[in-house]
Amino acid sequence: MTHSPRRLREILDRHGLEPRRRLGQNFVIDPNTVRRIAELSGASAGDPIVEIGAGLGSLTLALVETGAEVTAVEVDSGLARALRDVVADHDVRVIEADARTLDWPGLLAGRDGWRLVANLPYNIAASLIVDLLSNVVALETMLVMVQREVGDRLAAAPGDNSMGIPSLLVAYHGAAKVVGRVPATVFYPKPKVESVLVRIDRHAAPPVDQPLEVIEVLIRAGFNQRRKMLRRSLAGLVDPDGFALAGLDSRTRPETLSLADWSRLASVADIPAATLG
């Protein structure tokens, strides 16, 4: 039921469409890949699934095969029109909207336990994922396909070169793991980058005691000067003796700290009220 390369080309031609590089449009043309993504998402019969970047419906159809109840979001009006044609014989809700400005509470109202599946362009992936984790609590799990560098950053552990602000913001809300790689050869047009699949399972409760708004002030100060030791990048926020109280070496650098480390630092920090959101 999913698209072959020939079938996808026929849909594009019928609707007078071409992939738009500006929007990061690369369509999966391998049925095994989209079925694998659907399986890794955990979708099963009756599950509410919201798919971002549904495109021409290759993954949408694979999600339909699981018996899930699919809501497909697509920002491009031409693709949304073609998508409605593709899923006309299936019970799929197609929403033409930008995921960054969508009324998420309205869209997901009435159901719990939503799963998000998405194929996200490089330029919005990290910020959109963090925003959804922060503000759309109805999304319990996410399986996102992103550029490899973005995926490594989202799932980075302390000490990884990829560790950064997005890594810690994601870790506050959920557990992230790279669960698969997707070669460029399964896309049309073929991108110049490798993609990965990242699964994020939301925590039932935050894993640390300090509020995120306080921790975020510290991690932004630290990573904005990531080559400096913490005693320099956090000067004015953490007193010299505060590092010892938090059980940390003031000479360390931000990428070596875990979320729990940052939380302990936040408990001894002096955060100006004006810097909090």
# chains A, B, ... in the order shown; residues from 1 in each chain; ligands from 1
$ residues_around --residues "stretch 144-157 of chain A" --least-positions-apart "3" --cutoff "9 Å" --atoms "only C-alpha atoms" --output "ChimeraX atom specification"
/A:37,41,116-122,125-126,129,160-171,175-178,181-182,193-200,255-258
$ select_by_dssp --residues "stretch 40-118 of chain A" --states "helix (DSSP H, G or I)" --output "PDB file with N, CA and C atoms, in the first residue's frame"
ATOM      1  N   LEU A  40       8.946   1.188  14.615  1.00  0.00           N
ATOM      2  CA  LEU A  40       9.742   1.797  15.683  1.00  0.00           C
ATOM      3  C   LEU A  40       8.957   2.840  16.461  1.00  0.00           C
ATOM      4  N   SER A  58       3.773   8.572   1.977  1.00  0.00           N
ATOM      5  CA  SER A  58       4.458   7.277   2.045  1.00  0.00           C
ATOM      6  C   SER A  58       4.409   6.701   3.457  1.00  0.00           C
ATOM      7  N   LEU A  59       4.821   7.508   4.435  1.00  0.00           N
ATOM      8  CA  LEU A  59       4.798   7.059   5.824  1.00  0.00           C
ATOM      9  C   LEU A  59       3.371   7.023   6.358  1.00  0.00           C
ATOM     10  N   THR A  60       2.535   7.936   5.908  1.00  0.00           N
ATOM     11  CA  THR A  60       1.134   7.957   6.338  1.00  0.00           C
ATOM     12  C   THR A  60       0.470   6.615   6.073  1.00  0.00           C
ATOM     13  N   LEU A  61       0.689   6.084   4.890  1.00  0.00           N
ATOM     14  CA  LEU A  61       0.077   4.799   4.532  1.00  0.00           C
ATOM     15  C   LEU A  61       0.629   3.660   5.378  1.00  0.00           C
ATOM     16  N   ALA A  62       1.924   3.716   5.705  1.00  0.00           N
ATOM     17  CA  ALA A  62       2.495   2.683   6.565  1.00  0.00           C
ATOM     18  C   ALA A  62       1.893   2.755   7.966  1.00  0.00           C
ATOM     19  N   LEU A  63       1.624   3.959   8.449  1.00  0.00           N
ATOM     20  CA  LEU A  63       0.984   4.116   9.762  1.00  0.00           C
ATOM     21  C   LEU A  63      -0.460   3.614   9.716  1.00  0.00           C
ATOM     22  N   VAL A  64      -1.144   3.856   8.603  1.00  0.00           N
ATOM     23  CA  VAL A  64      -2.512   3.354   8.434  1.00  0.00           C
ATOM     24  C   VAL A  64      -2.523   1.838   8.503  1.00  0.00           C
ATOM     25  N   GLU A  65      -1.513   1.196   7.936  1.00  0.00           N
ATOM     26  CA  GLU A  65      -1.438  -0.272   7.943  1.00  0.00           C
ATOM     27  C   GLU A  65      -1.407  -0.842   9.358  1.00  0.00           C
ATOM     28  N   SER A  77       0.693  23.591   0.541  1.00  0.00           N
ATOM     29  CA  SER A  77      -0.691  23.454   0.061  1.00  0.00           C
ATOM     30  C   SER A  77      -0.799  22.454  -1.083  1.00  0.00           C
ATOM     31  N   GLY A  78       0.195  22.442  -1.990  1.00  0.00           N
ATOM     32  CA  GLY A  78       0.158  21.496  -3.101  1.00  0.00           C
ATOM     33  C   GLY A  78       0.268  20.063  -2.616  1.00  0.00           C
ATOM     34  N   LEU A  79       1.172  19.822  -1.693  1.00  0.00           N
ATOM     35  CA  LEU A  79       1.320  18.471  -1.148  1.00  0.00           C
ATOM     36  C   LEU A  79       0.094  18.068  -0.338  1.00  0.00           C
ATOM     37  N   ALA A  80      -0.473  19.013   0.411  1.00  0.00           N
ATOM     38  CA  ALA A  80      -1.674  18.693   1.192  1.00  0.00           C
ATOM     39  C   ALA A  80      -2.815  18.273   0.274  1.00  0.00           C
ATOM     40  N   ARG A  81      -2.944  18.939  -0.864  1.00  0.00           N
ATOM     41  CA  ARG A  81      -3.987  18.574  -1.840  1.00  0.00           C
ATOM     42  C   ARG A  81      -3.740  17.162  -2.379  1.00  0.00           C
ATOM     43  N   ALA A  82      -2.485  16.877  -2.739  1.00  0.00           N
ATOM     44  CA  ALA A  82      -2.153  15.543  -3.246  1.00  0.00           C
ATOM     45  C   ALA A  82      -2.332  14.485  -2.162  1.00  0.00           C
ATOM     46  N   LEU A  83      -1.993  14.831  -0.923  1.00  0.00           N
ATOM     47  CA  LEU A  83      -2.115  13.887   0.181  1.00  0.00           C
ATOM     48  C   LEU A  83      -3.571  13.487   0.413  1.00  0.00           C
ATOM     49  N   ARG A  84      -4.464  14.462   0.313  1.00  0.00           N
ATOM     50  CA  ARG A  84      -5.896  14.135   0.479  1.00  0.00           C
ATOM     51  C   ARG A  84      -6.350  13.132  -0.579  1.00  0.00           C
ATOM     52  N   ASP A  85      -5.803  13.254  -1.782  1.00  0.00           N
ATOM     53  CA  ASP A  85      -6.123  12.309  -2.842  1.00  0.00           C
ATOM     54  C   ASP A  85      -5.573  10.915  -2.513  1.00  0.00           C
ATOM     55  N   VAL A  86      -4.326  10.875  -2.006  1.00  0.00           N
ATOM     56  CA  VAL A  86      -3.672   9.609  -1.681  1.00  0.00           C
ATOM     57  C   VAL A  86      -4.431   8.846  -0.603  1.00  0.00           C
ATOM     58  N   TRP A 104      -2.001  23.282  18.782  1.00  0.00           N
ATOM     59  CA  TRP A 104      -1.819  21.901  19.196  1.00  0.00           C
ATOM     60  C   TRP A 104      -2.860  21.434  20.217  1.00  0.00           C
ATOM     61  N   PRO A 105      -3.182  22.232  21.236  1.00  0.00           N
ATOM     62  CA  PRO A 105      -4.224  21.764  22.173  1.00  0.00           C
ATOM     63  C   PRO A 105      -5.551  21.488  21.480  1.00  0.00           C
ATOM     64  N   GLY A 106      -5.923  22.358  20.518  1.00  0.00           N
ATOM     65  CA  GLY A 106      -7.162  22.135  19.783  1.00  0.00           C
ATOM     66  C   GLY A 106      -7.101  20.902  18.911  1.00  0.00           C
ATOM     67  N   LEU A 107      -5.952  20.683  18.277  1.00  0.00           N
ATOM     68  CA  LEU A 107      -5.806  19.540  17.373  1.00  0.00           C
ATOM     69  C   LEU A 107      -5.875  18.213  18.122  1.00  0.00           C
ATOM     70  N   LEU A 108      -5.274  18.168  19.308  1.00  0.00           N
ATOM     71  CA  LEU A 108      -5.158  16.901  20.032  1.00  0.00           C
ATOM     72  C   LEU A 108      -6.221  16.723  21.112  1.00  0.00           C
TER      73      LEU A 108
END
$ closest_atom_pairs --of "stretch 181-218 of chain A" --to "stretch 223-230 of chain A" --cutoff "12 Å" --atoms "only C-alpha atoms" --output "tab-separated table"
residue	atom	partner	partner_atom	distance
A:Glu216	CA	A:Phe223	CA	10.4
A:Val217	CA	A:Phe223	CA	10.3
A:Leu218	CA	A:Phe223	CA	8.6
$ select_by_dssp --residues "stretch 41-186 of chain A" --states "strand (DSSP E)" --output "PyMOL selection string"
chain A and resi 48-52+69-74+93-96+114-119+139-147+174-182
$ write_last_selection --atoms "N, CA and C atoms" --output "mmCIF file, in the first residue's frame"
data_model
loop_
_atom_site.group_PDB
_atom_site.id
_atom_site.type_symbol
_atom_site.label_atom_id
_atom_site.label_comp_id
_atom_site.auth_asym_id
_atom_site.auth_seq_id
_atom_site.Cartn_x
_atom_site.Cartn_y
_atom_site.Cartn_z
ATOM 1 N N PRO A 48 -3.752 7.004 18.670
ATOM 2 C CA PRO A 48 -3.788 8.298 17.997
ATOM 3 C C PRO A 48 -2.375 8.723 17.601
ATOM 4 N N ILE A 49 -2.157 8.923 16.319
ATOM 5 C CA ILE A 49 -0.850 9.304 15.775
ATOM 6 C C ILE A 49 -0.984 10.635 15.067
ATOM 7 N N VAL A 50 -0.046 11.553 15.327
ATOM 8 C CA VAL A 50 0.022 12.771 14.536
ATOM 9 C C VAL A 50 1.352 12.753 13.792
ATOM 10 N N GLU A 51 1.268 12.941 12.495
ATOM 11 C CA GLU A 51 2.457 12.918 11.635
ATOM 12 C C GLU A 51 2.722 14.327 11.124
ATOM 13 N N ILE A 52 3.920 14.823 11.334
ATOM 14 C CA ILE A 52 4.325 16.128 10.823
ATOM 15 C C ILE A 52 5.143 15.921 9.558
ATOM 16 N N GLU A 69 -4.968 5.561 14.309
ATOM 17 C CA GLU A 69 -5.809 6.667 13.859
ATOM 18 C C GLU A 69 -4.892 7.853 13.571
ATOM 19 N N VAL A 70 -4.723 8.182 12.289
ATOM 20 C CA VAL A 70 -3.668 9.088 11.856
ATOM 21 C C VAL A 70 -4.210 10.487 11.550
ATOM 22 N N THR A 71 -3.541 11.487 12.123
ATOM 23 C CA THR A 71 -3.735 12.885 11.750
ATOM 24 C C THR A 71 -2.453 13.339 11.072
ATOM 25 N N ALA A 72 -2.541 13.732 9.810
ATOM 26 C CA ALA A 72 -1.371 14.082 9.014
ATOM 27 C C ALA A 72 -1.300 15.591 8.824
ATOM 28 N N VAL A 73 -0.180 16.198 9.214
ATOM 29 C CA VAL A 73 0.018 17.646 9.116
ATOM 30 C C VAL A 73 1.010 17.926 7.994
ATOM 31 N N GLU A 74 0.623 18.826 7.082
ATOM 32 C CA GLU A 74 1.487 19.199 5.958
ATOM 33 C C GLU A 74 1.341 20.694 5.694
ATOM 34 N N ARG A 93 -7.108 12.095 8.884
ATOM 35 C CA ARG A 93 -7.407 13.519 8.973
ATOM 36 C C ARG A 93 -6.194 14.296 8.468
ATOM 37 N N VAL A 94 -6.363 15.079 7.400
ATOM 38 C CA VAL A 94 -5.274 15.862 6.825
ATOM 39 C C VAL A 94 -5.441 17.312 7.250
ATOM 40 N N ILE A 95 -4.384 17.875 7.846
ATOM 41 C CA ILE A 95 -4.385 19.256 8.319
ATOM 42 C C ILE A 95 -3.318 20.033 7.561
ATOM 43 N N GLU A 96 -3.734 21.073 6.832
ATOM 44 C CA GLU A 96 -2.766 21.931 6.164
ATOM 45 C C GLU A 96 -2.384 23.049 7.122
ATOM 46 N N TRP A 114 -1.016 10.436 22.756
ATOM 47 C CA TRP A 114 -0.647 10.684 21.360
ATOM 48 C C TRP A 114 0.809 10.293 21.103
ATOM 49 N N ARG A 115 1.042 9.761 19.910
ATOM 50 C CA ARG A 115 2.387 9.497 19.411
ATOM 51 C C ARG A 115 2.656 10.435 18.238
ATOM 52 N N LEU A 116 3.824 11.034 18.227
ATOM 53 C CA LEU A 116 4.236 11.890 17.121
ATOM 54 C C LEU A 116 5.217 11.137 16.240
ATOM 55 N N VAL A 117 4.992 11.204 14.937
ATOM 56 C CA VAL A 117 5.941 10.685 13.953
ATOM 57 C C VAL A 117 6.218 11.818 12.979
ATOM 58 N N ALA A 118 7.483 12.052 12.654
ATOM 59 C CA ALA A 118 7.787 13.223 11.830
ATOM 60 C C ALA A 118 9.050 13.020 11.008
ATOM 61 N N ASN A 119 9.047 13.612 9.824
ATOM 62 C CA ASN A 119 10.227 13.735 8.973
ATOM 63 C C ASN A 119 10.510 15.234 8.911
ATOM 64 N N LEU A 139 1.581 14.761 23.832
ATOM 65 C CA LEU A 139 2.476 13.925 23.029
ATOM 66 C C LEU A 139 3.342 13.098 23.973
ATOM 67 N N GLU A 140 3.057 11.808 24.067
ATOM 68 C CA GLU A 140 3.764 10.957 25.012
ATOM 69 C C GLU A 140 5.045 10.368 24.439
ATOM 70 N N THR A 141 5.059 10.097 23.136
ATOM 71 C CA THR A 141 6.260 9.580 22.493
ATOM 72 C C THR A 141 6.457 10.290 21.162
ATOM 73 N N MET A 142 7.708 10.350 20.731
ATOM 74 C CA MET A 142 8.042 10.922 19.426
ATOM 75 C C MET A 142 9.005 9.985 18.716
ATOM 76 N N LEU A 143 8.811 9.823 17.431
ATOM 77 C CA LEU A 143 9.810 9.192 16.588
ATOM 78 C C LEU A 143 10.047 10.153 15.433
ATOM 79 N N VAL A 144 11.231 10.752 15.403
ATOM 80 C CA VAL A 144 11.508 11.790 14.418
ATOM 81 C C VAL A 144 12.671 11.370 13.534
ATOM 82 N N MET A 145 12.528 11.654 12.248
ATOM 83 C CA MET A 145 13.607 11.433 11.302
ATOM 84 C C MET A 145 14.243 12.788 11.018
ATOM 85 N N VAL A 146 15.544 12.886 11.332
ATOM 86 C CA VAL A 146 16.254 14.154 11.223
ATOM 87 C C VAL A 146 17.639 13.909 10.648
ATOM 88 N N GLN A 147 18.308 14.988 10.259
ATOM 89 C CA GLN A 147 19.690 14.869 9.808
ATOM 90 C C GLN A 147 20.540 14.283 10.934
ATOM 91 N N GLY A 174 12.265 14.115 28.440
ATOM 92 C CA GLY A 174 12.125 12.723 28.042
ATOM 93 C C GLY A 174 13.453 12.045 27.802
ATOM 94 N N ALA A 175 13.398 10.747 27.541
ATOM 95 C CA ALA A 175 14.582 9.950 27.243
ATOM 96 C C ALA A 175 14.694 9.797 25.733
ATOM 97 N N ALA A 176 15.812 10.257 25.171
ATOM 98 C CA ALA A 176 16.015 10.235 23.720
ATOM 99 C C ALA A 176 17.084 9.214 23.349
ATOM 100 N N LYS A 177 16.844 8.525 22.238
ATOM 101 C CA LYS A 177 17.791 7.520 21.768
ATOM 102 C C LYS A 177 17.741 7.424 20.251
ATOM 103 N N VAL A 178 18.907 7.368 19.621
ATOM 104 C CA VAL A 178 18.971 7.098 18.179
ATOM 105 C C VAL A 178 18.673 5.614 17.987
ATOM 106 N N VAL A 179 17.598 5.313 17.259
ATOM 107 C CA VAL A 179 17.157 3.918 17.120
ATOM 108 C C VAL A 179 17.342 3.374 15.708
ATOM 109 N N GLY A 180 17.863 4.197 14.804
ATOM 110 C CA GLY A 180 18.069 3.695 13.454
ATOM 111 C C GLY A 180 18.687 4.752 12.558
ATOM 112 N N ARG A 181 19.277 4.285 11.472
ATOM 113 C CA ARG A 181 19.849 5.186 10.464
ATOM 114 C C ARG A 181 19.098 4.987 9.153
ATOM 115 N N VAL A 182 18.974 6.061 8.404
ATOM 116 C CA VAL A 182 18.230 6.030 7.147
ATOM 117 C C VAL A 182 19.153 6.545 6.041
#
$ closest_residue --among "A:Val92, A:Arg251, A:Pro189, A:Thr66" --to "A:Arg20" --atoms "only C-alpha atoms"
A:Pro189
$ atom_distance --atom1 "atom CA of A:Tyr172" --atom2 "atom CA of A:Gln210"
10.3 Å
$ atom_distance --atom1 "atom CA of A:Glu10" --atom2 "atom CA of A:Arg35"
21.1 Å
$ atom_distance --atom1 "atom CA of A:Asp103" --atom2 "atom CA of A:Arg202"
20.4 Å
$ closest_residue --among "A:Leu128, A:Ala99, A:Pro254, A:Phe187" --to "A:Pro31" --atoms "only C-alpha atoms"
A:Phe187
$ residues_around --residues "A:Tyr188" --least-positions-apart "4" --cutoff "10 Å" --atoms "only C-alpha atoms" --output "number ranges by chain"
A: 5, 8-9, 19, 25-30, 184
$ write_last_selection --atoms "N, CA and C atoms" --output "PDB file, in the first residue's frame"
ATOM      1  N   PRO A   5       8.885   4.056  -6.019  1.00  0.00           N
ATOM      2  CA  PRO A   5       9.416   5.236  -6.707  1.00  0.00           C
ATOM      3  C   PRO A   5       8.549   5.652  -7.907  1.00  0.00           C
ATOM      4  N   LEU A   8       5.265   7.300  -6.685  1.00  0.00           N
ATOM      5  CA  LEU A   8       5.468   8.659  -6.170  1.00  0.00           C
ATOM      6  C   LEU A   8       5.655   9.650  -7.310  1.00  0.00           C
ATOM      7  N   ARG A   9       6.390   9.251  -8.320  1.00  0.00           N
ATOM      8  CA  ARG A   9       6.593  10.131  -9.480  1.00  0.00           C
ATOM      9  C   ARG A   9       5.274  10.398 -10.189  1.00  0.00           C
ATOM     10  N   PRO A  19       9.552  18.508  -5.832  1.00  0.00           N
ATOM     11  CA  PRO A  19      10.062  18.735  -4.470  1.00  0.00           C
ATOM     12  C   PRO A  19      10.656  20.136  -4.330  1.00  0.00           C
ATOM     13  N   GLN A  25      12.062  19.217   1.256  1.00  0.00           N
ATOM     14  CA  GLN A  25      11.186  18.127   0.826  1.00  0.00           C
ATOM     15  C   GLN A  25      11.976  17.015   0.155  1.00  0.00           C
ATOM     16  N   ASN A  26      12.142  15.929   0.895  1.00  0.00           N
ATOM     17  CA  ASN A  26      12.738  14.699   0.377  1.00  0.00           C
ATOM     18  C   ASN A  26      11.801  13.566   0.759  1.00  0.00           C
ATOM     19  N   PHE A  27      11.258  12.874  -0.221  1.00  0.00           N
ATOM     20  CA  PHE A  27      10.228  11.878   0.013  1.00  0.00           C
ATOM     21  C   PHE A  27      10.831  10.477   0.085  1.00  0.00           C
ATOM     22  N   VAL A  28      10.414   9.694   1.081  1.00  0.00           N
ATOM     23  CA  VAL A  28      10.879   8.311   1.204  1.00  0.00           C
ATOM     24  C   VAL A  28      10.197   7.464   0.130  1.00  0.00           C
ATOM     25  N   ILE A  29      11.002   6.709  -0.613  1.00  0.00           N
ATOM     26  CA  ILE A  29      10.464   5.920  -1.723  1.00  0.00           C
ATOM     27  C   ILE A  29      10.702   4.421  -1.524  1.00  0.00           C
ATOM     28  N   ASP A  30      11.030   4.032  -0.308  1.00  0.00           N
ATOM     29  CA  ASP A  30      11.282   2.625  -0.011  1.00  0.00           C
ATOM     30  C   ASP A  30      10.233   2.112   0.965  1.00  0.00           C
ATOM     31  N   ALA A 184      20.622   7.906   2.449  1.00  0.00           N
ATOM     32  CA  ALA A 184      20.120   8.885   1.487  1.00  0.00           C
ATOM     33  C   ALA A 184      19.466   8.222   0.282  1.00  0.00           C
TER      34      ALA A 184
END
$ residues_around --residues "A:Val238" --least-positions-apart "5" --cutoff "7 Å" --atoms "only C-alpha atoms" --output "VMD selection string"
chain A and resid 268 to 270
$ write_last_selection --atoms "C-alpha atoms" --output "tab-separated table (two decimals), in the first residue's frame"
chain	number	residue	atom	x	y	z
A	268	VAL	CA	23.36	26.76	44.63
A	269	ALA	CA	23.18	29.42	41.90
A	270	ASP	CA	22.15	33.04	42.28
$ closest_residue --among "A:Gly113, A:Ala97, A:Leu265, A:Ser233" --to "A:Gly42" --atoms "only C-alpha atoms"
A:Gly113
